[in-house]
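S.K.: To be precise about what I am sending: the file is called run17.tsv and holds TSV, C-alpha atoms and all ligand atoms.
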chain	number	residue	atom	x	y	z
A	13	MET	CA	-0.44	-24.92	-10.03
A	14	THR	CA	-1.41	-24.71	-6.37
A	15	ALA	CA	-4.42	-22.62	-5.34
A	16	PRO	CA	-5.26	-20.25	-3.83
A	17	ARG	CA	-2.29	-18.10	-4.81
A	18	ILE	CA	-1.18	-14.55	-5.46
A	19	GLU	CA	0.25	-13.81	-8.90
A	20	ILE	CA	2.59	-10.86	-9.20
A	21	ASP	CA	3.42	-9.62	-12.69
A	22	LEU	CA	6.76	-7.82	-12.50
A	23	ALA	CA	6.53	-6.45	-16.05
A	24	LYS	CA	3.19	-4.80	-15.28
A	25	ILE	CA	4.45	-3.41	-11.97
A	26	GLY	CA	7.52	-2.07	-13.79
A	27	HIS	CA	5.32	-0.46	-16.45
A	28	ASN	CA	3.13	1.20	-13.81
A	29	ALA	CA	6.18	2.48	-11.95
A	30	ARG	CA	7.76	3.88	-15.15
A	31	VAL	CA	4.59	5.77	-16.08
A	32	LEU	CA	4.31	7.28	-12.58
A	33	VAL	CA	8.03	8.10	-12.37
A	34	ALA	CA	7.71	10.03	-15.67
A	35	ALA	CA	4.56	11.86	-14.54
A	36	CYS	CA	6.24	12.88	-11.28
A	37	ALA	CA	9.54	13.80	-12.96
A	38	ALA	CA	7.65	16.26	-15.19
A	39	ARG	CA	6.86	18.21	-11.97
A	40	GLY	CA	10.32	17.83	-10.45
A	41	ILE	CA	9.23	15.05	-8.13
A	42	SER	CA	11.06	11.79	-7.47
A	43	VAL	CA	9.34	8.58	-6.44
A	44	ALA	CA	10.03	6.57	-3.31
A	45	ALA	CA	8.34	3.25	-4.13
A	46	VAL	CA	6.54	1.76	-1.15
A	47	THR	CA	6.92	-2.02	-0.88
A	48	LYS	CA	4.93	-2.70	2.31
A	49	ALA	CA	1.98	-4.37	0.53
A	50	MET	CA	4.54	-6.72	-1.08
A	51	LEU	CA	6.18	-7.38	2.32
A	52	GLY	CA	9.47	-6.11	0.95
A	53	CYS	CA	9.63	-8.74	-1.81
A	54	PRO	CA	13.13	-8.30	-3.32
A	55	GLU	CA	12.03	-9.21	-6.88
A	56	VAL	CA	9.41	-6.46	-6.76
A	57	GLY	CA	11.97	-4.07	-5.26
A	58	ALA	CA	14.37	-4.81	-8.12
A	59	ALA	CA	11.64	-4.22	-10.72
A	60	LEU	CA	10.85	-0.86	-9.11
A	61	VAL	CA	14.47	0.21	-9.07
A	62	ALA	CA	14.83	-0.83	-12.74
A	63	ALA	CA	11.79	1.34	-13.49
A	64	GLY	CA	13.61	4.41	-12.22
A	65	VAL	CA	12.30	5.05	-8.71
A	66	SER	CA	14.87	6.95	-6.68
A	67	SER	CA	14.43	4.98	-3.47
A	68	LEU	CA	12.42	2.22	-1.82
A	69	ALA	CA	10.30	2.71	1.28
A	70	ASP	CA	8.55	0.41	3.71
A	71	SER	CA	6.74	0.71	7.01
A	72	ARG	CA	8.35	-2.33	8.66
A	73	ILE	CA	11.98	-3.00	9.38
A	74	GLU	CA	11.45	-6.74	8.74
A	75	ASN	CA	10.52	-5.91	5.13
A	76	ILE	CA	13.49	-3.58	4.73
A	77	GLU	CA	15.80	-6.30	6.02
A	78	ARG	CA	14.27	-8.64	3.43
A	79	LEU	CA	15.01	-6.15	0.65
A	80	ARG	CA	18.60	-5.94	1.87
A	81	ARG	CA	18.98	-9.72	2.15
A	82	GLY	CA	17.75	-9.87	-1.43
A	83	GLY	CA	20.78	-7.84	-2.43
A	84	LEU	CA	19.11	-4.48	-3.01
A	85	THR	CA	21.39	-1.51	-2.34
A	86	PRO	CA	19.41	1.66	-3.25
A	87	PRO	CA	18.42	4.11	-0.51
A	88	VAL	CA	15.65	2.66	1.65
A	89	MET	CA	13.39	4.71	3.90
A	90	LEU	CA	11.42	3.48	6.92
A	91	ILE	CA	8.09	5.32	6.63
A	92	ARG	CA	6.66	4.40	10.02
A	93	SER	CA	8.31	5.87	13.08
A	94	PRO	CA	11.07	3.55	14.29
A	95	MET	CA	10.31	1.62	17.48
A	96	LEU	CA	12.74	2.15	20.33
A	97	SER	CA	12.94	-1.64	20.60
A	98	GLN	CA	14.21	-1.88	16.97
A	99	ILE	CA	16.50	1.15	16.83
A	100	ASP	CA	19.72	-0.71	16.03
A	101	ARG	CA	18.05	-2.67	13.23
A	102	VAL	CA	16.70	0.57	11.76
A	103	VAL	CA	20.11	2.21	11.69
A	104	ALA	CA	21.73	-0.96	10.33
A	105	SER	CA	19.33	-1.49	7.40
A	106	ALA	CA	17.50	1.76	6.60
A	107	ASP	CA	19.28	4.84	5.28
A	108	ILE	CA	16.41	7.17	6.14
A	109	SER	CA	13.51	7.09	8.60
A	110	CYS	CA	10.43	9.23	9.15
A	111	ASN	CA	10.20	10.67	12.65
A	112	THR	CA	8.01	12.71	14.97
A	113	GLU	CA	9.41	12.09	18.49
A	114	TYR	CA	12.55	13.62	19.94
A	115	GLY	CA	13.13	10.62	22.23
A	116	ILE	CA	13.29	8.35	19.18
A	117	LEU	CA	15.55	10.74	17.27
A	118	ARG	CA	17.92	10.76	20.26
A	119	ALA	CA	17.95	6.95	20.32
A	120	LEU	CA	18.61	6.86	16.55
A	121	SER	CA	21.55	9.20	17.08
A	122	ALA	CA	22.97	7.04	19.87
A	123	ALA	CA	22.57	3.91	17.75
A	124	ALA	CA	24.20	5.59	14.74
A	125	VAL	CA	27.18	6.61	16.91
A	126	ARG	CA	27.43	3.09	18.34
A	127	LEU	CA	27.28	1.47	14.90
A	128	ASP	CA	29.54	4.14	13.41
A	129	ARG	CA	27.02	5.04	10.71
A	130	ARG	CA	25.13	8.10	9.60
A	131	HIS	CA	21.33	8.00	9.49
A	132	ALA	CA	19.09	10.47	7.66
A	133	VAL	CA	15.75	11.58	9.06
A	134	VAL	CA	12.63	13.16	7.62
A	135	LEU	CA	10.41	14.97	10.14
A	136	MET	CA	6.74	14.27	9.52
A	137	VAL	CA	4.26	17.10	10.03
A	138	GLU	CA	0.59	16.73	10.99
A	139	LEU	CA	-1.50	18.59	8.42
A	140	GLY	CA	-4.99	17.49	9.35
A	141	ASP	CA	-5.32	13.78	8.65
A	142	LEU	CA	-4.62	12.97	12.32
A	143	ARG	CA	-2.20	10.11	11.94
A	144	GLU	CA	1.54	10.69	12.37
A	145	GLY	CA	3.19	14.07	12.56
A	146	VAL	CA	4.54	16.78	14.78
A	147	LEU	CA	2.21	19.79	15.07
A	148	PRO	CA	3.22	22.54	12.61
A	149	GLU	CA	3.97	24.99	15.43
A	150	CYS	CA	6.44	22.51	16.96
A	151	LEU	CA	8.37	21.70	13.77
A	152	ILE	CA	11.00	24.44	14.00
A	153	GLU	CA	11.96	23.44	17.52
A	154	LEU	CA	12.14	19.73	16.70
A	155	ALA	CA	14.25	20.48	13.62
A	156	GLY	CA	16.65	22.52	15.75
A	157	ARG	CA	17.01	19.79	18.35
A	158	THR	CA	17.53	17.22	15.57
A	159	LEU	CA	20.36	19.30	14.13
A	160	GLY	CA	22.13	18.97	17.48
A	161	LEU	CA	22.17	15.15	17.35
A	162	ALA	CA	25.37	13.35	16.38
A	163	ASN	CA	25.47	11.16	13.26
A	164	LEU	CA	21.95	12.20	12.16
A	165	ASP	CA	21.34	14.16	8.97
A	166	LEU	CA	18.16	16.22	8.81
A	167	ARG	CA	17.23	15.28	5.27
A	168	GLY	CA	13.86	16.94	5.06
A	169	ILE	CA	10.26	17.16	6.11
A	170	GLY	CA	7.17	15.32	4.98
A	171	THR	CA	3.51	14.74	5.55
A	172	ASN	CA	1.00	11.95	5.11
A	173	LEU	CA	-2.65	12.64	4.30
A	174	ALA	CA	-5.67	10.56	3.31
A	175	CYS	CA	-4.69	7.35	5.12
A	176	GLN	CA	-6.45	7.87	8.45
A	177	SER	CA	-9.21	10.41	7.91
A	178	GLY	CA	-9.33	10.72	4.12
A	179	VAL	CA	-8.02	14.30	4.10
A	180	VAL	CA	-7.37	15.25	0.47
A	181	PRO	CA	-3.93	16.61	-0.45
A	182	ASP	CA	-4.62	19.99	-2.03
A	183	GLU	CA	-3.00	23.30	-2.88
A	184	THR	CA	-3.56	24.61	0.64
A	185	ASN	CA	-1.96	21.83	2.68
A	186	MET	CA	0.83	21.29	0.14
A	187	ALA	CA	1.60	25.05	0.17
A	188	GLN	CA	1.70	24.84	3.98
A	189	LEU	CA	4.30	22.07	3.74
A	190	SER	CA	6.39	24.11	1.28
A	191	ALA	CA	6.26	27.15	3.55
A	192	MET	CA	7.41	25.06	6.50
A	193	ALA	CA	10.38	23.77	4.50
A	194	ASP	CA	11.32	27.38	3.70
A	195	SER	CA	11.06	28.44	7.33
A	196	VAL	CA	13.16	25.53	8.65
A	197	GLU	CA	15.83	26.42	6.10
A	198	ALA	CA	15.69	30.15	6.90
A	199	THR	CA	15.78	29.56	10.67
A	200	TYR	CA	18.86	27.35	10.65
A	201	GLY	CA	20.60	28.37	7.42
A	202	ILE	CA	20.43	24.81	6.08
A	203	GLU	CA	19.14	23.16	2.95
A	204	LEU	CA	16.50	20.43	3.11
A	205	LYS	CA	17.06	17.85	0.41
A	206	THR	CA	13.63	16.27	0.59
A	207	VAL	CA	10.11	17.59	0.95
A	208	SER	CA	8.05	14.41	0.90
A	209	GLY	CA	4.51	15.46	0.02
A	210	GLY	CA	2.57	12.26	0.53
A	211	ASN	CA	1.34	9.01	-0.95
A	212	SER	CA	-0.72	7.82	-3.94
A	213	ALA	CA	-3.56	10.08	-2.77
A	214	ASN	CA	-1.38	13.03	-3.90
A	215	LEU	CA	-1.60	12.05	-7.58
A	216	LEU	CA	-4.84	13.97	-8.19
A	217	TRP	CA	-3.23	17.09	-6.68
A	218	LEU	CA	-0.22	16.48	-8.89
A	219	SER	CA	-2.28	16.27	-12.07
A	220	ASP	CA	-4.09	19.52	-11.19
A	221	ILE	CA	-1.13	21.78	-10.49
A	222	GLU	CA	1.41	23.71	-12.54
A	223	ASP	CA	3.99	23.95	-9.81
A	224	ALA	CA	4.60	21.52	-6.94
A	225	GLY	CA	6.27	24.20	-4.83
A	226	ARG	CA	8.94	22.68	-2.61
A	227	VAL	CA	7.45	19.18	-2.80
A	228	ASN	CA	10.04	17.00	-4.53
A	229	GLU	CA	9.13	13.46	-3.45
A	230	LEU	CA	6.05	11.26	-3.32
A	231	ARG	CA	5.91	7.87	-1.64
A	232	LEU	CA	3.87	5.66	-3.95
A	233	GLY	CA	2.60	2.15	-3.19
A	234	GLU	CA	-1.00	1.41	-4.12
A	235	SER	CA	-0.92	3.37	-7.40
A	236	ILE	CA	2.08	1.38	-8.64
A	237	LEU	CA	0.77	-2.02	-7.57
A	238	LEU	CA	-2.94	-1.66	-8.36
A	239	GLY	CA	-3.01	1.13	-10.97
A	240	ARG	CA	-5.59	3.12	-9.02
A	241	GLN	CA	-5.51	6.35	-7.10
A	242	PRO	CA	-6.88	5.82	-3.60
A	243	LEU	CA	-9.12	8.89	-3.14
A	244	THR	CA	-11.78	7.53	-5.50
A	245	ARG	CA	-10.19	4.14	-6.28
A	246	GLY	CA	-10.53	5.17	-9.92
A	247	PRO	CA	-8.13	3.70	-12.50
A	248	ILE	CA	-5.11	5.81	-13.47
A	249	ASP	CA	-4.76	6.30	-17.24
A	250	GLY	CA	-2.24	4.03	-18.87
A	251	LEU	CA	-1.65	1.77	-15.86
A	252	HIS	CA	-2.29	-1.94	-15.49
A	253	LEU	CA	-5.03	-2.77	-12.97
A	254	ASP	CA	-4.13	-6.45	-12.83
A	255	ALA	CA	-0.44	-6.42	-11.97
A	256	VAL	CA	-1.37	-8.37	-8.85
A	257	SER	CA	-4.17	-10.95	-8.87
A	258	ILE	CA	-5.55	-13.64	-6.62
A	259	VAL	CA	-6.46	-17.05	-8.03
A	260	ALA	CA	-8.86	-19.42	-6.24
A	261	GLU	CA	-10.25	-22.88	-7.03
A	262	VAL	CA	-13.88	-24.01	-7.35
A	263	ILE	CA	-14.81	-26.75	-4.83
A	264	GLU	CA	-18.62	-26.84	-5.20
A	265	SER	CA	-21.11	-25.65	-7.79
A	266	LYS	CA	-24.85	-26.29	-7.41
A	267	ARG	CA	-28.17	-24.78	-8.35
A	268	LYS	CA	-29.40	-23.25	-5.10
A	269	ALA	CA	-32.15	-20.93	-3.94
A	270	THR	CA	-31.17	-17.25	-3.82
A	271	THR	CA	-32.75	-16.79	-0.39
A	272	PRO	CA	-32.01	-18.90	2.69
A	273	THR	CA	-34.60	-21.22	4.24
A	274	GLY	CA	-35.47	-21.09	7.96
A	275	GLN	CA	-35.26	-18.54	10.74
A	276	LEU	CA	-32.28	-16.18	10.52
A	277	GLY	CA	-29.86	-15.43	13.37
A	278	GLN	CA	-26.32	-14.07	13.24
A	279	THR	CA	-23.84	-15.56	10.76
A	280	ALA	CA	-20.25	-16.54	11.47
A	281	PHE	CA	-19.29	-12.92	10.80
A	282	GLY	CA	-22.25	-10.95	12.12
A	283	GLN	CA	-25.51	-9.95	10.50
A	284	PRO	CA	-27.01	-12.17	7.79
A	285	ARG	CA	-26.79	-10.66	4.31
A	286	LEU	CA	-29.91	-9.99	2.33
A	287	ARG	CA	-28.92	-12.00	-0.64
A	288	CYS	CA	-32.13	-11.45	-2.57
A	289	GLU	CA	-31.46	-7.69	-2.60
A	290	LEU	CA	-27.98	-8.13	-3.99
A	291	ASP	CA	-29.18	-10.56	-6.56
A	292	SER	CA	-32.45	-9.03	-7.68
A	293	SER	CA	-31.36	-7.86	-11.13
A	294	VAL	CA	-30.11	-11.18	-12.46
A	295	ARG	CA	-31.22	-14.60	-11.38
A	296	ARG	CA	-27.84	-16.31	-11.26
A	297	PRO	CA	-29.18	-19.72	-10.22
A	298	TRP	CA	-25.79	-21.37	-9.71
A	299	GLN	CA	-24.01	-20.99	-6.41
A	300	SER	CA	-20.36	-21.97	-6.24
A	301	LEU	CA	-17.86	-22.21	-3.44
A	302	LEU	CA	-14.23	-21.28	-3.85
A	303	ALA	CA	-11.52	-22.37	-1.43
A	304	LEU	CA	-10.65	-18.85	-0.25
A	305	GLY	CA	-12.00	-16.97	2.75
A	306	ARG	CA	-11.83	-14.08	5.14
A	307	GLN	CA	-8.57	-15.45	6.50
A	308	ASP	CA	-7.08	-14.66	3.08
A	309	ILE	CA	-9.01	-11.71	1.67
A	310	ASP	CA	-11.68	-9.10	2.37
A	311	PRO	CA	-14.63	-10.29	0.22
A	312	ASP	CA	-15.80	-6.69	-0.30
A	313	GLY	CA	-12.41	-5.85	-1.73
A	314	LEU	CA	-12.24	-8.41	-4.53
A	315	LEU	CA	-13.16	-7.57	-8.09
A	316	ALA	CA	-14.62	-10.71	-9.71
A	317	PRO	CA	-14.80	-11.56	-13.42
A	318	ASP	CA	-17.92	-10.05	-15.07
A	319	GLN	CA	-19.98	-13.23	-15.05
A	320	LEU	CA	-19.62	-13.76	-11.28
A	321	LEU	CA	-21.25	-12.04	-8.32
A	322	ILE	CA	-19.54	-12.37	-4.95
A	323	ASP	CA	-22.27	-13.22	-2.47
A	324	GLY	CA	-20.28	-13.44	0.72
A	325	ALA	CA	-17.53	-15.25	2.54
A	326	SER	CA	-16.78	-17.01	5.78
A	327	SER	CA	-13.29	-17.92	7.05
A	328	ASP	CA	-12.58	-20.49	4.38
A	329	HIS	CA	-15.33	-20.25	1.74
A	330	LEU	CA	-15.99	-17.60	-0.86
A	331	VAL	CA	-19.56	-17.84	-2.18
A	332	VAL	CA	-20.22	-16.69	-5.75
A	333	ARG	CA	-23.32	-16.78	-7.99
A	334	SER	CA	-23.40	-17.24	-11.76
A	335	GLU	CA	-25.71	-18.01	-14.67
A	336	GLU	CA	-23.71	-21.09	-15.56
A	337	ARG	CA	-22.32	-23.95	-13.56
A	338	LEU	CA	-18.62	-23.57	-12.73
A	339	THR	CA	-16.37	-26.54	-13.36
A	340	ILE	CA	-15.09	-28.18	-10.19
A	341	GLY	CA	-11.34	-27.67	-9.96
A	342	SER	CA	-11.35	-24.69	-12.32
A	343	GLU	CA	-9.63	-21.48	-11.30
A	344	ILE	CA	-11.10	-18.00	-10.96
A	345	ARG	CA	-8.94	-14.88	-11.00
A	346	PHE	CA	-9.80	-11.81	-8.90
A	347	MET	CA	-8.32	-8.34	-8.67
A	348	PRO	CA	-7.80	-7.33	-5.02
A	349	ASP	CA	-8.19	-3.85	-3.59
A	350	TYR	CA	-5.52	-2.66	-1.18
A	351	ALA	CA	-7.19	-4.16	1.92
A	352	SER	CA	-7.61	-7.55	0.26
A	353	LEU	CA	-4.09	-7.43	-1.13
A	354	VAL	CA	-2.56	-6.77	2.28
A	355	ARG	CA	-4.58	-9.57	3.84
A	356	ALA	CA	-3.67	-11.99	1.05
A	357	MET	CA	0.01	-11.17	1.33
A	358	THR	CA	-0.04	-11.85	5.07
A	359	SER	CA	-2.10	-15.05	4.81
A	360	PRO	CA	0.05	-18.15	5.31
A	361	PHE	CA	-2.25	-19.97	2.87
A	362	LEU	CA	-1.42	-18.02	-0.28
A	363	PRO	CA	1.91	-18.73	-1.94
A	364	ARG	CA	3.18	-16.05	-4.33
A	365	PHE	CA	3.99	-16.64	-7.96
A	366	ILE	CA	6.10	-14.05	-9.65
A	367	ARG	CA	5.83	-13.62	-13.42
A	368	SER	CA	8.55	-11.75	-15.23
A	369	GLY	CA	7.44	-11.86	-18.88
A	370	THR	CA	7.36	-8.87	-21.22
A	371	PRO	CA	4.63	-6.30	-20.63
A	372	GLY	CA	1.53	-6.92	-22.68
A	373	LEU	CA	-0.55	-3.96	-23.79
A	374	ARG	CA	-3.95	-3.86	-22.17
B	401	LIG	C1	1.60	3.34	3.20
B	401	LIG	C2	2.26	4.65	3.18
B	401	LIG	C3	2.56	5.26	1.95
B	401	LIG	C4	2.14	4.67	0.62
B	401	LIG	O1	0.75	4.86	0.45
B	401	LIG	P1	0.01	4.40	-0.90
B	401	LIG	O2	-1.36	4.93	-0.73
B	401	LIG	O3	0.10	2.93	-0.94
B	401	LIG	O4	0.72	5.05	-2.02
B	401	LIG	C5	3.25	6.44	1.97
B	401	LIG	N1	3.63	7.03	3.14
B	401	LIG	C6	3.36	6.47	4.33
B	401	LIG	C7	3.82	7.17	5.57
B	401	LIG	C8	2.66	5.27	4.39
B	401	LIG	O5	2.40	4.73	5.58
Using C-alpha cells, write down the structure that the file contains.
Ligand SMILES: *Cc1c(COP(=O)(O)O)cnc(C)c1O

M.R.:
Amino acid sequence: MTAPRIEIDLAKIGHNARVLVAACAARGISVAAVTKAMLGCPEVGAALVAAGVSSLADSRIENIERLRRGGLTPPVMLIRSPMLSQIDRVVASADISCNTEYGILRALSAAAVRLDRRHAVVLMVELGDLREGVLPECLIELAGRTLGLANLDLRGIGTNLACQSGVVPDETNMAQLSAMADSVEATYGIELKTVSGGNSANLLWLSDIEDAGRVNELRLGESILLGRQPLTRGPIDGLHLDAVSIVAEVIESKRKATTPTGQLGQTAFGQPRLRCELDSSVRRPWQSLLALGRQDIDPDGLLAPDQLLIDGASSDHLVVRSEERLTIGSEIRFMPDYASLVRAMTSPFLPRFIRSGTPGLR
C-alpha cells in the first residue's frame, strides 16, 4: 500500500459516535457530529448518521457540499459564520447556519427568498472564550431583528468555548446560556428548538451534571474521531483512540550519535533542539528517517509506538530514535492529535484509506 497515508476506521468511528450519542441522550442532548477534520468525507458522514447523530455539522461550505454530493440528506449545519461571498451556496446546501452578524443574516434571508428556500439560523453568543459570538446584552435585539427576516427560521442559540482561549464549559456559563434561551423565548413569545451548548470540551461538564438545563445539543468532532476530550486530551472511557491513524515508511536507519557535531545555528524550523535532553533516559542508538514531515503533520502532535521516540521533523523527514534498527521499507503507525490530523487531512501527499470492517474490542 502507498505511504504515507491516513487510515480511517469507520467501525471505530461509528462505535465512538454511538457511545457519545447514548451518553448525551441520557441528559436529553442530541449530537451534531462535526466533520470538518474529515473534510466532509461522505463515508464518515454516513457512518455518523448510522450511529444515531441527529445532524452533521461542518465549518466550511466546501465540505458540506461534499457531504451532499455524497448523497447524504440529514440536516447539516454550517458552524462558522457564512461568508457574504458564499451566501447562495450556504442556503443551497446547509439547512442551518451559526450567525452573529445582522448584515449576514439579512443576506441569508435575501438568498433564501431568491432561491425559494427556508434557512434556519442559530445565534452564537460570546460567553468568555473570545472567538465568535454576539455579546450577551445584544442577543435579544439581534433575535428580534432576525425574527423580522423573510424565509429565515430562528432555530436557537448557541455558544462555543475552549477553542480560542481554553475557557472551560461549566455550570455558570451553561446556566447563562439557558437563561438567555428563556429570555429570548419570553421576550418574543416563541420557542427555540435548539440550545447548542458547545463542542467536545463540554463532555466533562456533561459528566458532572444532573441536569443540562436548556442545553439540548452538543457539536462533537474531536471526541468522536480521536476518543479524547480536548480540555486535558485525556482518553474518554470506552472509546477507540485509534479510529484514525497515520502510516509512514522508513527510508533510513543508522546508528548515529545522540548529539550533533559542530557549531549550532538555527535549524530549518527555528531553534536547534537539545536532543541529548530528550534522550537522556534511554540510549536509543538507532536513528531512523520516515518519509513524512511538517508539510503533513505536526511532529509534536503524533503519538508514536512505545519503542520509538520522535526526535524532530523538517518539511519532509520525521526523525525517530529506537533501541533496534528499523527495517527499510517497513511501516510505522502513529496516532495523530487534532492539529496533526487536520494537517494530514489537508496535505496533498497523504491519500486516505477507509476501512469498514466490524468493530474490534480494544
Ligand atoms: C470545530 C467546532 C466544533 C467541534 O469541536 P470539537 O472540539 O472537535 O468537538 C464545534 N463547534 C464549533 C463552532 C466549531 O468550530

S.K.: Env of A:Asn75: 12 Å cut, atoms = all atoms listed in the file, seq-sep filter 4 positions within chain, self excluded. Answer as a VMD selection string.

M.R.: chain A and resid 46 to 54 56 to 57 68 to 71 79 to 82 84 88 to 91 101 to 102 105 to 106

S.K.: Please check which protein, DNA or RNA residues sit within 6 Å of ligand LIG 401 (chain B), counting only C-alpha atoms and all ligand atoms, and write them as a list in words.

M.R.: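 My answer, listing the contacting residues, is Val46, Ile91, Arg92, Asn172, Gly210, Asn211, Ser212, Ala213, Arg231, Leu232, Gly233, Glu234 and Ser235 of chain A.
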
S.K.: Using only C-alpha atoms, which protein or nucleic acid residues come within 10 Å of A:Leu314? Drop anything in the same chain fewer than 6 positions from it, and give the result as a PyMOL selection string.

M.R.: chain A and resi 257-258+322+345-353

S.K.: Find, counting all atoms listed in the file, the residue in A:Lys24, A:Arg295, A:Arg157, A:Arg17 that gets nearest to A:Thr271.

M.R.: A:Arg295

S.K.: Atom CA of A:Thr171 and atom CA of A:Met136, how far apart in Å?

M.R.: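 Distance reported for this atom pair: 5.1 Å.
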
S.K.: When you count only C-alpha atoms, which of these residues is closest to A:Glu113: A:Cys150, A:Leu32, A:Leu218, A:Leu127?

M.R.: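 For A:Glu113, the nearest of the given residues is A:Cys150.
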
S.K.: So, counting only C-alpha atoms, which residue among A:Asn28, A:Gln188, A:Ser359, A:Thr14 is closest to A:Val256?

M.R.: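 Looking at the shortest contact to A:Val256, the residue is A:Asn28.
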
S.K.: So how far away is atom CA of A:Asp312 from atom CA of A:Leu276, in Å?

M.R.: 21.9 Å

S.K.: Skipping near chain neighbours, those fewer than 2 positions away, what residues fall within 10 Å of A:Cys36 using only C-alpha atoms, listed as a ChimeraX atom specification?

M.R.: /A:30-34,38-43,215,218-219,224,228-230

S.K.: Point out the residue among A:Leu154, A:Leu96, A:Leu147, A:Ile202 with the least atom-to-atom distance to A:Leu189, counting only C-alpha atoms.

M.R.: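 Of A:Leu154, A:Leu96, A:Leu147, A:Ile202, the one nearest A:Leu189, counting only C-alpha atoms, is A:Leu147.
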
S.K.: With only C-alpha atoms as the counted atoms, please give the residues lying no more than 12 Å from A:Met186, apart from itself and same-chain residues fewer than 4 positions off, as a ChimeraX atom specification.

M.R.: /A:137-140,169-173,179-182,190-193,207-210,214,217-218,221,223-230

S.K.: Go ahead and compute the interatomic distance for atom CA of A:Leu321 and atom CA of A:Arg296, in Å to one decimal.

M.R.: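 Atom CA of A:Arg296 lies 8.4 Å from atom CA of A:Leu321.
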
S.K.: Give me, as a PyMOL selection string, all polymer residues having an atom no more than 10 Å from A:Asp128, counting all atoms listed in the file and skipping those fewer than 6 positions away in the same chain.

M.R.: chain A and resi 103-104+122+163

S.K.: Restricting the calculation to all atoms listed in the file, which member of A:Leu166, A:Leu302, A:Met13, A:Leu120 is positioned closest to A:Ile340?

M.R.: A:Leu302

S.K.: Return the single residue from A:Ile108, A:Ala162, A:Ala45, A:Ile18 that is closest to A:Val61, with distances computed using all atoms listed in the file.

M.R.: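 Of all the options, A:Ala45 lies closest to A:Val61.
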
S.K.: Output as lines of an AutoDock Vina configuration file the centre and edge lengths (Å, one decimal) of the box along x, y and z of the file that holds every listed atom of stretch 111-126 of chain A after adding 8 Å on each side.

M.R.:
center_x = 17.7
center_y = 8.4
center_z = 17.4
size_x = 35.4
size_y = 26.5
size_z = 25.6

S.K.: Distance cut-off 9 Å, centre (-14.3, -17.7, 0.5) in file coordinates, counting all atoms listed in the file: which residues qualify? Return them as a list of chain:residue names.

M.R.: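 Result, sorted by chain then residue number: A:Ala260, A:Leu301, A:Leu302, A:Ala303, A:Leu304, A:Gly305, A:Arg306, A:Gln307, A:Asp308, A:Ile309, A:Pro311, A:Gly324, A:Ala325, A:Ser326, A:Ser327, A:Asp328, A:His329, A:Leu330, A:Val331, A:Val332.
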
S.K.: Could you pull out every residue with an atom within 12 Å of (18.7, 22.0, 16.7), file coordinates, counting only C-alpha atoms, and send them as a ChimeraX atom specification?

M.R.: /A:114,117-118,151-162,164-166,196-197,199-202
